[in-house]
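Source file: query35.json (JSON, C-alpha atoms)
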```json
[["chain", "number", "residue", "atom", "x", "y", "z"],
["Z", 1, "MET", "CA", -71.37, -45.39, -45.05],
["Z", 2, "GLU", "CA", -72.33, -45.29, -41.37],
["Z", 3, "GLU", "CA", -70.25, -48.36, -40.60],
["Z", 4, "SER", "CA", -67.31, -46.72, -42.33],
["Z", 5, "LYS", "CA", -67.62, -43.62, -40.06],
["Z", 6, "LYS", "CA", -67.93, -45.80, -36.97],
["Z", 7, "GLU", "CA", -64.83, -47.74, -37.93],
["Z", 8, "LYS", "CA", -62.92, -44.47, -38.47],
["Z", 9, "GLY", "CA", -63.99, -43.19, -35.00],
["Z", 10, "GLU", "CA", -62.91, -46.37, -33.31],
["Z", 11, "ALA", "CA", -59.59, -46.22, -35.14],
["Z", 12, "LEU", "CA", -59.11, -42.57, -34.10],
["Z", 13, "GLU", "CA", -59.78, -43.45, -30.45],
["Z", 14, "GLN", "CA", -57.50, -46.43, -30.59],
["Z", 15, "ASP", "CA", -54.68, -44.58, -32.34],
["Z", 16, "TYR", "CA", -54.77, -41.30, -30.43],
["Z", 17, "GLY", "CA", -57.19, -41.43, -27.50],
["Z", 18, "THR", "CA", -55.34, -43.98, -25.36],
["Z", 19, "ALA", "CA", -52.03, -42.30, -26.09],
["Z", 20, "PHE", "CA", -53.23, -39.08, -24.39],
["Z", 21, "GLY", "CA", -55.19, -40.78, -21.59],
["Z", 22, "LEU", "CA", -58.57, -39.97, -23.09],
["Z", 23, "GLU", "CA", -60.01, -43.44, -22.52],
["Z", 24, "ASP", "CA", -62.63, -43.87, -19.81],
["Z", 25, "GLY", "CA", -60.77, -44.26, -16.49],
["Z", 26, "GLY", "CA", -63.79, -44.26, -14.18],
["Z", 27, "GLU", "CA", -63.76, -42.14, -10.96],
["Z", 28, "LEU", "CA", -60.79, -39.79, -10.53],
["Z", 29, "GLY", "CA", -60.57, -40.50, -6.78],
["Z", 30, "PHE", "CA", -60.30, -36.88, -5.54],
["Z", 31, "LYS", "CA", -62.47, -37.45, -2.49],
["Z", 32, "LYS", "CA", -60.63, -40.59, -1.49],
["Z", 33, "THR", "CA", -57.22, -38.93, -1.92],
["Z", 34, "LEU", "CA", -58.26, -35.82, 0.03],
["Z", 35, "LYS", "CA", -59.65, -37.90, 2.88],
["Z", 36, "SER", "CA", -56.43, -39.89, 3.01],
["Z", 37, "ILE", "CA", -54.36, -36.71, 3.23],
["Z", 38, "LEU", "CA", -56.55, -35.25, 5.99],
["Z", 39, "ASP", "CA", -56.38, -38.50, 7.93],
["Z", 40, "ASP", "CA", -52.59, -38.38, 7.70],
["Z", 41, "PHE", "CA", -52.56, -34.85, 9.13],
["Z", 42, "LYS", "CA", -54.94, -35.83, 11.94],
["Z", 43, "SER", "CA", -52.75, -38.76, 12.93],
["Z", 44, "LEU", "CA", -49.66, -36.57, 13.51],
["Z", 45, "ASN", "CA", -48.37, -36.00, 17.05],
["Z", 46, "TYR", "CA", -48.75, -32.25, 17.30],
["Z", 47, "ARG", "CA", -47.48, -32.06, 20.89],
["Z", 48, "PHE", "CA", -44.17, -33.38, 19.62],
["Z", 49, "LEU", "CA", -44.05, -31.32, 16.41],
["Z", 50, "ILE", "CA", -45.04, -28.03, 18.10],
["Z", 51, "PRO", "CA", -43.72, -28.11, 21.71],
["Z", 52, "ILE", "CA", -45.54, -25.04, 23.04],
["Z", 53, "GLY", "CA", -44.65, -25.94, 26.60],
["Z", 54, "LYS", "CA", -40.92, -26.02, 25.92],
["Z", 55, "ILE", "CA", -40.97, -22.82, 23.86],
["Z", 56, "PHE", "CA", -42.39, -20.87, 26.81],
["Z", 57, "SER", "CA", -40.52, -22.83, 29.46],
["Z", 58, "SER", "CA", -38.25, -20.99, 31.90],
["Z", 59, "LYS", "CA", -35.75, -23.85, 31.55],
["Z", 60, "LEU", "CA", -35.07, -22.78, 27.97],
["Z", 61, "LEU", "CA", -34.25, -19.22, 29.05],
["Z", 62, "ARG", "CA", -31.85, -20.50, 31.68],
["Z", 63, "LYS", "CA", -29.61, -22.01, 29.00],
["Z", 64, "LYS", "CA", -26.57, -19.79, 28.41],
["Z", 65, "ALA", "CA", -26.57, -20.29, 24.64],
["Z", 66, "VAL", "CA", -30.19, -19.15, 24.39],
["Z", 67, "ARG", "CA", -29.67, -16.06, 26.52],
["Z", 68, "TRP", "CA", -26.47, -15.22, 24.64],
["Z", 69, "VAL", "CA", -28.22, -15.23, 21.26],
["Z", 70, "LEU", "CA", -31.29, -13.38, 22.56],
["Z", 71, "LEU", "CA", -29.09, -10.66, 24.01],
["Z", 72, "PHE", "CA", -26.42, -10.18, 21.36],
["Z", 73, "GLY", "CA", -28.45, -11.30, 18.38],
["Z", 74, "LEU", "CA", -31.46, -9.07, 19.07],
["Z", 75, "LEU", "CA", -29.88, -6.09, 20.85],
["Z", 76, "PRO", "CA", -29.08, -4.34, 17.53],
["Z", 77, "LEU", "CA", -32.84, -4.39, 16.82],
["Z", 78, "VAL", "CA", -33.35, -2.60, 20.14],
["Z", 79, "PHE", "CA", -30.75, -0.01, 19.12],
["Z", 80, "PHE", "CA", -32.51, 0.39, 15.77],
["Z", 81, "GLN", "CA", -35.79, 1.01, 17.57],
["Z", 82, "PHE", "CA", -34.16, 3.50, 19.96],
["Z", 83, "HIS", "CA", -32.81, 5.36, 16.96],
["Z", 84, "ALA", "CA", -36.29, 5.52, 15.44],
["Z", 85, "TRP", "CA", -37.92, 6.69, 18.69],
["Z", 86, "PHE", "CA", -35.33, 9.14, 20.02],
["Z", 87, "LYS", "CA", -33.60, 10.26, 16.79],
["Z", 88, "LEU", "CA", -30.15, 9.43, 18.14],
["Z", 89, "THR", "CA", -27.15, 11.37, 16.90],
["Z", 90, "PHE", "CA", -24.20, 9.69, 15.19],
["Z", 91, "GLU", "CA", -22.08, 9.99, 18.36],
["Z", 92, "GLU", "CA", -24.83, 8.42, 20.48],
["Z", 93, "ILE", "CA", -25.13, 5.52, 18.03],
["Z", 94, "ILE", "CA", -21.36, 4.93, 18.17],
["Z", 95, "TRP", "CA", -21.54, 4.89, 21.98],
["Z", 96, "LEU", "CA", -24.26, 2.22, 21.79],
["Z", 97, "ILE", "CA", -22.35, 0.07, 19.31],
["Z", 98, "GLN", "CA", -19.08, 0.42, 21.22],
["Z", 99, "THR", "CA", -20.84, -0.54, 24.47],
["Z", 100, "TYR", "CA", -22.48, -3.48, 22.72],
["Z", 101, "PHE", "CA", -19.16, -5.08, 21.73],
["Z", 102, "VAL", "CA", -17.52, -4.26, 25.06],
["Z", 103, "LEU", "CA", -20.40, -5.99, 26.82],
["Z", 104, "PHE", "CA", -19.87, -8.98, 24.53],
["Z", 105, "TRP", "CA", -16.22, -9.27, 25.58],
["Z", 106, "ALA", "CA", -17.02, -8.55, 29.23],
["Z", 107, "LEU", "CA", -19.41, -11.49, 29.45],
["Z", 108, "TYR", "CA", -16.99, -13.73, 27.58],
["Z", 109, "PHE", "CA", -14.09, -12.98, 29.93],
["Z", 110, "TYR", "CA", -16.36, -13.18, 32.95],
["Z", 111, "SER", "CA", -17.06, -16.80, 31.99],
["Z", 112, "VAL", "CA", -13.31, -17.40, 31.54],
["Z", 113, "ILE", "CA", -12.03, -15.66, 34.69],
["Z", 114, "LYS", "CA", -15.00, -16.65, 36.89],
["Z", 115, "PRO", "CA", -14.69, -13.93, 39.54],
["Z", 116, "ASP", "CA", -17.19, -13.55, 42.40],
["Z", 117, "SER", "CA", -20.73, -12.95, 41.14],
["Z", 118, "ASN", "CA", -21.08, -9.69, 43.10],
["Z", 119, "VAL", "CA", -18.12, -8.08, 41.29],
["Z", 120, "TRP", "CA", -20.26, -6.82, 38.39],
["Z", 121, "LYS", "CA", -21.48, -3.66, 40.10],
["Z", 122, "ARG", "CA", -17.96, -2.55, 40.96],
["Z", 123, "ALA", "CA", -16.66, -3.60, 37.54],
["Z", 124, "ILE", "CA", -19.19, -1.42, 35.72],
["Z", 125, "GLY", "CA", -18.44, 1.44, 38.10],
["Z", 126, "TYR", "CA", -14.70, 1.15, 37.40],
["Z", 127, "ALA", "CA", -15.34, 1.11, 33.65],
["Z", 128, "LEU", "CA", -17.48, 4.26, 33.89],
["Z", 129, "PHE", "CA", -14.87, 5.95, 36.08],
["Z", 130, "THR", "CA", -12.12, 5.31, 33.53],
["Z", 131, "ALA", "CA", -14.30, 6.34, 30.57],
["Z", 132, "PHE", "CA", -15.66, 9.60, 32.00],
["Z", 133, "ILE", "CA", -13.07, 10.65, 34.61],
["Z", 134, "GLY", "CA", -9.85, 8.80, 33.80],
["Z", 135, "ILE", "CA", -9.69, 9.84, 30.14],
["Z", 136, "PRO", "CA", -10.42, 13.56, 30.82],
["Z", 137, "LEU", "CA", -7.65, 13.50, 33.46],
["Z", 138, "LEU", "CA", -5.38, 11.84, 30.91],
["Z", 139, "LEU", "CA", -6.08, 14.56, 28.36],
["Z", 140, "ILE", "CA", -5.27, 17.21, 30.96],
["Z", 141, "SER", "CA", -2.05, 15.42, 31.91],
["Z", 142, "GLN", "CA", -0.93, 15.34, 28.29],
["Z", 143, "LYS", "CA", -0.61, 19.15, 28.39],
["Z", 144, "LEU", "CA", 1.86, 19.14, 31.29],
["Z", 145, "PRO", "CA", 5.41, 20.18, 30.23],
["Z", 146, "ILE", "CA", 7.38, 16.93, 30.52],
["Z", 147, "ILE", "CA", 4.50, 14.69, 29.45],
["Z", 148, "GLN", "CA", 3.74, 16.97, 26.53],
["Z", 149, "ASN", "CA", 7.31, 16.53, 25.31],
["Z", 150, "LEU", "CA", 7.04, 12.75, 25.65],
["Z", 151, "TYR", "CA", 3.86, 12.70, 23.57],
["Z", 152, "ALA", "CA", 5.46, 14.97, 20.99],
["Z", 153, "SER", "CA", 8.41, 12.57, 20.68],
["Z", 154, "THR", "CA", 6.04, 9.85, 19.36],
["Z", 155, "TYR", "CA", 6.22, 11.67, 16.01],
["Z", 156, "SER", "CA", 10.03, 11.63, 15.94],
["Z", 157, "GLY", "CA", 11.85, 10.00, 13.07],
["Z", 158, "ASP", "CA", 14.32, 8.45, 15.48],
["Z", 159, "LEU", "CA", 13.18, 5.00, 16.64],
["Z", 160, "LEU", "CA", 14.68, 5.30, 20.12],
["Z", 161, "THR", "CA", 13.12, 8.72, 20.76],
["Z", 162, "ARG", "CA", 9.78, 7.54, 19.43],
["Z", 163, "SER", "CA", 9.97, 4.40, 21.60],
["Z", 164, "LEU", "CA", 10.60, 6.46, 24.75],
["Z", 165, "GLY", "CA", 7.59, 8.60, 23.89],
["Z", 166, "PHE", "CA", 5.27, 5.65, 23.35],
["Z", 167, "VAL", "CA", 6.44, 3.71, 26.41],
["Z", 168, "PHE", "CA", 6.91, 6.46, 29.02],
["Z", 169, "GLY", "CA", 4.35, 8.84, 27.56],
["Z", 170, "VAL", "CA", 1.43, 6.94, 26.03],
["Z", 171, "GLY", "CA", 1.85, 3.51, 27.62],
["Z", 172, "LEU", "CA", 2.83, 4.51, 31.16],
["Z", 173, "LEU", "CA", 0.24, 7.26, 31.46],
["Z", 174, "GLU", "CA", -2.66, 5.26, 30.01],
["Z", 175, "GLU", "CA", -1.97, 2.16, 32.09],
["Z", 176, "THR", "CA", -1.68, 4.30, 35.22],
["Z", 177, "TYR", "CA", -5.05, 5.94, 34.65],
["Z", 178, "LYS", "CA", -6.68, 2.58, 33.92],
["Z", 179, "ALA", "CA", -5.31, 1.31, 37.24],
["Z", 180, "LEU", "CA", -6.59, 4.33, 39.21],
["Z", 181, "PRO", "CA", -10.08, 3.00, 40.11],
["Z", 182, "LEU", "CA", -8.59, -0.28, 41.35],
["Z", 183, "ILE", "CA", -6.09, 1.56, 43.53],
["Z", 184, "ILE", "CA", -8.47, 4.23, 44.83],
["Z", 185, "PHE", "CA", -11.67, 2.24, 45.34],
["Z", 186, "GLY", "CA", -10.35, -1.31, 45.58],
["Z", 187, "LEU", "CA", -6.89, -1.56, 47.09],
["Z", 188, "ARG", "CA", -7.09, 1.48, 49.38],
["Z", 189, "LYS", "CA", -10.42, 0.42, 50.86],
["Z", 190, "GLY", "CA", -9.51, -3.25, 51.11],
["Z", 191, "LYS", "CA", -12.27, -4.39, 48.74],
["Z", 192, "ILE", "CA", -10.04, -6.49, 46.48],
["Z", 193, "LYS", "CA", -9.93, -9.93, 48.09],
["Z", 194, "ASN", "CA", -8.48, -12.20, 45.40],
["Z", 195, "LEU", "CA", -6.63, -12.21, 42.11],
["Z", 196, "LYS", "CA", -9.58, -13.16, 39.95],
["Z", 197, "ASP", "CA", -11.65, -10.20, 41.07],
["Z", 198, "ALA", "CA", -8.69, -7.85, 40.64],
["Z", 199, "THR", "CA", -7.98, -9.15, 37.14],
["Z", 200, "PHE", "CA", -11.60, -8.79, 36.06],
["Z", 201, "LEU", "CA", -11.86, -5.30, 37.57],
["Z", 202, "GLY", "CA", -8.72, -4.27, 35.69],
["Z", 203, "LEU", "CA", -10.10, -5.78, 32.51],
["Z", 204, "MET", "CA", -13.33, -3.81, 32.86],
["Z", 205, "SER", "CA", -11.43, -0.59, 33.55],
["Z", 206, "GLY", "CA", -9.57, -1.23, 30.29],
["Z", 207, "PHE", "CA", -12.88, -1.80, 28.54],
["Z", 208, "GLY", "CA", -14.12, 1.56, 29.78],
["Z", 209, "PHE", "CA", -11.02, 3.21, 28.37],
["Z", 210, "ALA", "CA", -11.40, 1.37, 25.05],
["Z", 211, "THR", "CA", -15.05, 2.41, 24.78],
["Z", 212, "ALA", "CA", -14.45, 6.13, 25.21],
["Z", 213, "GLU", "CA", -11.31, 6.07, 23.05],
["Z", 214, "GLY", "CA", -13.09, 4.06, 20.36],
["Z", 215, "VAL", "CA", -15.89, 6.61, 20.12],
["Z", 216, "GLN", "CA", -13.41, 9.48, 19.78],
["Z", 217, "TYR", "CA", -11.34, 7.74, 17.10],
["Z", 218, "THR", "CA", -14.39, 6.60, 15.15],
["Z", 219, "ILE", "CA", -15.84, 10.12, 15.05],
["Z", 220, "SER", "CA", -12.46, 11.54, 14.02],
["Z", 221, "ALA", "CA", -12.09, 8.91, 11.28],
["Z", 222, "THR", "CA", -15.60, 9.64, 10.04],
["Z", 223, "VAL", "CA", -14.89, 13.37, 9.78],
["Z", 224, "SER", "CA", -11.72, 12.60, 7.83],
["Z", 225, "ALA", "CA", -13.62, 10.21, 5.59],
["Z", 226, "GLN", "CA", -16.14, 12.90, 4.73],
["Z", 227, "MET", "CA", -13.39, 15.43, 3.98],
["Z", 228, "TYR", "CA", -11.03, 13.19, 2.02],
["Z", 229, "ASN", "CA", -13.35, 10.38, 0.87],
["Z", 230, "TYR", "CA", -11.46, 7.71, 2.85],
["Z", 231, "PHE", "CA", -14.49, 5.67, 3.82],
["Z", 232, "SER", "CA", -12.71, 2.32, 3.61],
["Z", 233, "GLU", "CA", -10.14, 3.54, 6.15],
["Z", 234, "GLN", "CA", -12.93, 4.87, 8.35],
["Z", 235, "PHE", "CA", -14.70, 1.51, 8.31],
["Z", 236, "MET", "CA", -11.51, -0.39, 9.20],
["Z", 237, "GLN", "CA", -10.80, 2.04, 12.04],
["Z", 238, "PHE", "CA", -14.32, 1.47, 13.34],
["Z", 239, "LEU", "CA", -13.95, -2.32, 13.09],
["Z", 240, "PHE", "CA", -10.66, -2.23, 14.99],
["Z", 241, "ARG", "CA", -12.05, 0.01, 17.74],
["Z", 242, "ILE", "CA", -15.13, -2.10, 18.43],
["Z", 243, "MET", "CA", -13.51, -5.54, 18.21],
["Z", 244, "THR", "CA", -9.75, -5.54, 18.86],
["Z", 245, "GLY", "CA", -9.34, -2.31, 20.83],
["Z", 246, "PRO", "CA", -11.25, -3.60, 23.89],
["Z", 247, "ILE", "CA", -9.21, -6.83, 23.92],
["Z", 248, "LEU", "CA", -5.88, -4.97, 23.88],
["Z", 249, "HIS", "CA", -6.77, -2.33, 26.45],
["Z", 250, "GLY", "CA", -8.56, -4.92, 28.55],
["Z", 251, "ALA", "CA", -5.59, -7.31, 28.44],
["Z", 252, "TRP", "CA", -3.08, -4.62, 29.45],
["Z", 253, "ALA", "CA", -5.29, -3.28, 32.24],
["Z", 254, "GLY", "CA", -6.37, -6.77, 33.32],
["Z", 255, "THR", "CA", -2.75, -7.83, 33.74],
["Z", 256, "VAL", "CA", -2.06, -4.71, 35.80],
["Z", 257, "GLY", "CA", -5.15, -5.69, 37.79],
["Z", 258, "TRP", "CA", -3.51, -9.04, 38.51],
["Z", 259, "PHE", "CA", -0.49, -7.25, 40.01],
["Z", 260, "ILE", "CA", -2.81, -5.07, 42.09],
["Z", 261, "GLY", "CA", -4.51, -8.26, 43.27],
["Z", 262, "VAL", "CA", -1.15, -9.65, 44.36],
["Z", 263, "ALA", "CA", -0.45, -6.40, 46.20],
["Z", 264, "ALA", "CA", -3.87, -6.62, 47.88],
["Z", 265, "VAL", "CA", -3.17, -10.01, 49.46],
["Z", 266, "ARG", "CA", 0.31, -9.06, 50.66],
["Z", 267, "SER", "CA", 1.26, -6.63, 53.39],
["Z", 268, "ASP", "CA", 4.69, -5.62, 52.09],
["Z", 269, "LYS", "CA", 6.15, -4.14, 48.91],
["Z", 270, "ARG", "CA", 2.69, -3.35, 47.54],
["Z", 271, "TRP", "CA", 3.68, -0.29, 45.51],
["Z", 272, "GLN", "CA", 6.76, -1.97, 44.09],
["Z", 273, "ILE", "CA", 4.58, -4.81, 42.82],
["Z", 274, "ILE", "CA", 2.06, -2.39, 41.28],
["Z", 275, "PHE", "CA", 4.85, -0.35, 39.68],
["Z", 276, "ILE", "CA", 6.30, -3.47, 38.03],
["Z", 277, "GLY", "CA", 2.85, -4.38, 36.68],
["Z", 278, "ILE", "CA", 2.17, -0.92, 35.25],
["Z", 279, "LEU", "CA", 5.68, -0.54, 33.79],
["Z", 280, "SER", "CA", 5.68, -3.98, 32.13],
["Z", 281, "MET", "CA", 2.32, -3.33, 30.47],
["Z", 282, "ALA", "CA", 3.39, 0.19, 29.53],
["Z", 283, "ILE", "CA", 6.36, -1.31, 27.68],
["Z", 284, "LEU", "CA", 4.14, -3.85, 25.89],
["Z", 285, "HIS", "CA", 1.58, -1.14, 25.14],
["Z", 286, "GLY", "CA", 4.24, 1.23, 23.84],
["Z", 287, "LEU", "CA", 5.83, -1.42, 21.64],
["Z", 288, "TYR", "CA", 2.47, -2.22, 20.08],
["Z", 289, "ASP", "CA", 1.81, 1.46, 19.33],
["Z", 290, "ILE", "CA", 5.25, 1.80, 17.71],
["Z", 291, "PHE", "CA", 4.62, -1.06, 15.29],
["Z", 292, "ALA", "CA", 0.85, -0.67, 14.87],
["Z", 293, "GLY", "CA", -0.18, -1.08, 11.25],
["Z", 294, "THR", "CA", 2.58, -3.59, 10.50],
["Z", 295, "ILE", "CA", 2.95, -7.35, 10.79],
["Z", 296, "TRP", "CA", 4.91, -6.75, 14.01],
["Z", 297, "GLY", "CA", 1.91, -4.94, 15.42],
["Z", 298, "ILE", "CA", -0.27, -7.97, 14.76],
["Z", 299, "LEU", "CA", 2.25, -10.25, 16.45],
["Z", 300, "LEU", "CA", 2.49, -7.92, 19.46],
["Z", 301, "ALA", "CA", -1.30, -7.81, 19.71],
["Z", 302, "GLY", "CA", -1.39, -11.60, 19.78],
["Z", 303, "PHE", "CA", 1.43, -11.66, 22.32],
["Z", 304, "THR", "CA", -0.53, -9.21, 24.50],
["Z", 305, "PHE", "CA", -3.47, -11.60, 24.62],
["Z", 306, "LEU", "CA", -1.21, -14.57, 25.36],
["Z", 307, "VAL", "CA", 0.43, -12.67, 28.24],
["Z", 308, "PHE", "CA", -2.97, -11.89, 29.72],
["Z", 309, "MET", "CA", -4.17, -15.49, 29.42],
["Z", 310, "ALA", "CA", -0.90, -16.70, 30.96],
["Z", 311, "TYR", "CA", -1.53, -14.52, 33.99],
["Z", 312, "LEU", "CA", -5.02, -15.98, 34.30],
["Z", 313, "THR", "CA", -3.45, -19.44, 34.55],
["Z", 314, "HIS", "CA", -0.82, -18.07, 36.92],
["Z", 315, "ASP", "CA", -3.72, -16.59, 38.91],
["Z", 316, "GLN", "CA", -4.91, -20.02, 39.99],
["Z", 317, "ASN", "CA", -1.43, -21.19, 41.02],
["Z", 318, "GLU", "CA", -0.73, -17.97, 42.90],
["Z", 319, "GLU", "CA", -3.96, -18.25, 44.91],
["Z", 320, "ILE", "CA", -3.12, -21.81, 45.93],
["Z", 321, "ASN", "CA", 0.35, -20.74, 47.09],
["Z", 322, "GLU", "CA", -1.06, -17.79, 49.00],
["Z", 323, "LYS", "CA", -3.58, -19.99, 50.81],
["Z", 324, "ARG", "CA", -0.82, -22.44, 51.75],
["Z", 325, "GLU", "CA", 1.31, -19.64, 53.17],
["Z", 326, "PHE", "CA", -1.57, -18.21, 55.20],
["Z", 327, "SER", "CA", -2.50, -21.68, 56.54],
["Z", 328, "LYS", "CA", 0.96, -22.29, 58.01]]
```

Could you show the structure in this file as structure tokens?
Amino acid sequence: MEESKKEKGEALEQDYGTAFGLEDGGELGFKKTLKSILDDFKSLNYRFLIPIGKIFSSKLLRKKAVRWVLLFGLLPLVFFQFHAWFKLTFEEIIWLIQTYFVLFWALYFYSVIKPDSNVWKRAIGYALFTAFIGIPLLLISQKLPIIQNLYASTYSGDLLTRSLGFVFGVGLLEETYKALPLIIFGLRKGKIKNLKDATFLGLMSGFGFATAEGVQYTISATVSAQMYNYFSEQFMQFLFRIMTGPILHGAWAGTVGWFIGVAAVRSDKRWQIIFIGILSMAILHGLYDIFAGTIWGILLAGFTFLVFMAYLTHDQNEEINEKREFSK
């Protein structure tokens, strides 16, 4: 009887025990495995894996890509904190966001144009002048009899009448006011020395205009969105004003700045040169406004940028020719 039970137990172990790993396997080896893992961790080169010295190195901060991301990637967090601390109004927040994107484009074009390093102070001053003095003067000018009629003609159903209004009303007046700080503080006082500086100063004046205009249009679009539930249109207006608006206004004003730079290095026909620059950009500006919101508007916007970049290339050739003439 006992032998029969023993045989059954052995059969049970043989049939099922080994199948599920229940046979005696000796030591499980936890201690040995844990020690091996710890030894592997100890043998790692932690100076290589965690480069504390390089993370806090000043060399890293001197890299343009690092500074670019730290500034533009983290600045919205600073704005968010400002909003929490100072309870900013909607208009103040729009000013911050508009300035943020304008600064983005300003640094980009600074690296492309490569003007003198000391031009920044004047450039910011010109942008502020256009935003807070130029635009109010523009709004006052719009109420003058002849100019008021030109602005009113932009709503005409006749294409020719509307074109005259956009070119000689909107375009000519806006490009003139964007050129004012360059003429008053740069050309008149002999502070514009080369074409690159003049182009960048004009660009920044255009950015100042785009910033103030963008805030006004965004607030107006937001009010309309609340009244008529057009929030998608409001968002697209905001996107255009913070991204494309500065490029267009900056390109028009920057090209005019190039003409002012040419006038600055020449002693004759200065005002004729400046007039040609303002008028040509007023025409391009007016044409864009006429066809804005259509495929032709997109093409004219792209053409505006190409014109500006062409003048930047022409800038280098013009400077070489000027130096050759002065060296004779």

Subject >> Shortest interatomic distance to Ala263 of chain Z - which of Z:Gly125, Z:Gly302, Z:Gly186, Z:Gly245, counting only C-alpha atoms >> reply: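 The shortest atom-to-atom distance to Ala263 of chain Z comes from Z:Gly186.
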
Using only C-alpha atoms, which protein or nucleic acid residues come within 8 Å of segment 283-292 of chain Z? Drop anything in the same chain fewer than 2 positions from it, and give the result as a PDB file with C-alpha atoms, in the coordinates of the input.
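out-v7.pdb written:
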```pdb
ATOM      1  CA  ARG Z 162       9.780   7.540  19.430  1.00  0.00           C
ATOM      2  CA  SER Z 163       9.970   4.400  21.600  1.00  0.00           C
ATOM      3  CA  PHE Z 166       5.270   5.650  23.350  1.00  0.00           C
ATOM      4  CA  VAL Z 167       6.440   3.710  26.410  1.00  0.00           C
ATOM      5  CA  PHE Z 168       6.910   6.460  29.020  1.00  0.00           C
ATOM      6  CA  VAL Z 170       1.430   6.940  26.030  1.00  0.00           C
ATOM      7  CA  GLY Z 171       1.850   3.510  27.620  1.00  0.00           C
ATOM      8  CA  LEU Z 172       2.830   4.510  31.160  1.00  0.00           C
ATOM      9  CA  TRP Z 252      -3.080  -4.620  29.450  1.00  0.00           C
ATOM     10  CA  LEU Z 279       5.680  -0.540  33.790  1.00  0.00           C
ATOM     11  CA  SER Z 280       5.680  -3.980  32.130  1.00  0.00           C
ATOM     12  CA  MET Z 281       2.320  -3.330  30.470  1.00  0.00           C
ATOM     13  CA  THR Z 294       2.580  -3.590  10.500  1.00  0.00           C
ATOM     14  CA  ILE Z 295       2.950  -7.350  10.790  1.00  0.00           C
ATOM     15  CA  TRP Z 296       4.910  -6.750  14.010  1.00  0.00           C
ATOM     16  CA  GLY Z 297       1.910  -4.940  15.420  1.00  0.00           C
ATOM     17  CA  ILE Z 298      -0.270  -7.970  14.760  1.00  0.00           C
ATOM     18  CA  LEU Z 300       2.490  -7.920  19.460  1.00  0.00           C
ATOM     19  CA  ALA Z 301      -1.300  -7.810  19.710  1.00  0.00           C
ATOM     20  CA  THR Z 304      -0.530  -9.210  24.500  1.00  0.00           C
TER      21      THR Z 304
END
```

Original post:
Taking into account all atoms listed in the file, which residue in the set Z:Ser153, Z:Ser111, Z:Ser205, Z:Gln142 is nearest to Lys64 of chain Z?
Top reply: Z:Ser111

Original post:
Do you know which residues are at most 10 Å from Ile147 of chain Z counting all atoms listed in the file, after dropping those on the same chain fewer than 2 positions away, and could you put them as a list of chain:residue names?
Top reply: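 My reading of the contact set: Z:Ser141, Z:Gln142, Z:Lys143, Z:Leu144, Z:Pro145, Z:Asn149, Z:Leu150, Z:Tyr151, Z:Ala152, Z:Ser153, Z:Gly165, Z:Phe168, Z:Gly169, Z:Val170, Z:Leu173.
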
I want to know what sits within 12 Å of Phe207 of chain Z, based on all atoms listed in the file, with residues of the same chain fewer than 4 positions away left out; could you give that as a compact mmCIF listing (two decimals) with C-alpha atoms, in the frame of the given file?
```txt
# COMPACT_ATOMS: atom_id res chain seq x y z
CA GLN Z 98 -19.08 0.42 21.22
CA THR Z 99 -20.84 -0.54 24.47
CA TYR Z 100 -22.48 -3.48 22.72
CA PHE Z 101 -19.16 -5.08 21.73
CA VAL Z 102 -17.52 -4.26 25.06
CA LEU Z 103 -20.40 -5.99 26.82
CA PHE Z 104 -19.87 -8.98 24.53
CA TRP Z 105 -16.22 -9.27 25.58
CA ALA Z 106 -17.02 -8.55 29.23
CA LEU Z 107 -19.41 -11.49 29.45
CA PHE Z 109 -14.09 -12.98 29.93
CA ALA Z 123 -16.66 -3.60 37.54
CA ILE Z 124 -19.19 -1.42 35.72
CA GLY Z 125 -18.44 1.44 38.10
CA TYR Z 126 -14.70 1.15 37.40
CA ALA Z 127 -15.34 1.11 33.65
CA LEU Z 128 -17.48 4.26 33.89
CA PHE Z 129 -14.87 5.95 36.08
CA THR Z 130 -12.12 5.31 33.53
CA ALA Z 131 -14.30 6.34 30.57
CA LYS Z 178 -6.68 2.58 33.92
CA ALA Z 179 -5.31 1.31 37.24
CA PHE Z 200 -11.60 -8.79 36.06
CA LEU Z 201 -11.86 -5.30 37.57
CA GLY Z 202 -8.72 -4.27 35.69
CA LEU Z 203 -10.10 -5.78 32.51
CA THR Z 211 -15.05 2.41 24.78
CA ALA Z 212 -14.45 6.13 25.21
CA GLU Z 213 -11.31 6.07 23.05
CA GLY Z 214 -13.09 4.06 20.36
CA ARG Z 241 -12.05 0.01 17.74
CA ILE Z 242 -15.13 -2.10 18.43
CA MET Z 243 -13.51 -5.54 18.21
CA THR Z 244 -9.75 -5.54 18.86
CA GLY Z 245 -9.34 -2.31 20.83
CA PRO Z 246 -11.25 -3.60 23.89
CA ILE Z 247 -9.21 -6.83 23.92
CA LEU Z 248 -5.88 -4.97 23.88
CA HIS Z 249 -6.77 -2.33 26.45
CA GLY Z 250 -8.56 -4.92 28.55
CA ALA Z 251 -5.59 -7.31 28.44
CA TRP Z 252 -3.08 -4.62 29.45
CA ALA Z 253 -5.29 -3.28 32.24
CA GLY Z 254 -6.37 -6.77 33.32
```

Original post:
Taking all atoms listed in the file into account, which of Z:Thr176, Z:Asn118, Z:Thr218, Z:Ser58 comes nearest Ile97 of chain Z?
Top reply: Z:Thr218

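Pairwise distance (atom CA of Asp268 of chain Z, atom CA of Ile183 of chain Z) equals 15.5 Å.
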
Original post:
So which one's closest to Lys193 of chain Z, Z:Ile55, Z:Ile260, Z:Ile276, Z:Leu159? Using only C-alpha atoms, please.
Top reply: Z:Ile260

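Ranking Z:Ile133, Z:Phe231, Z:Pro76, Z:Gly261 by their shortest atom-to-atom distance to Gly190 of chain Z, with only C-alpha atoms included, puts Z:Gly261 first.
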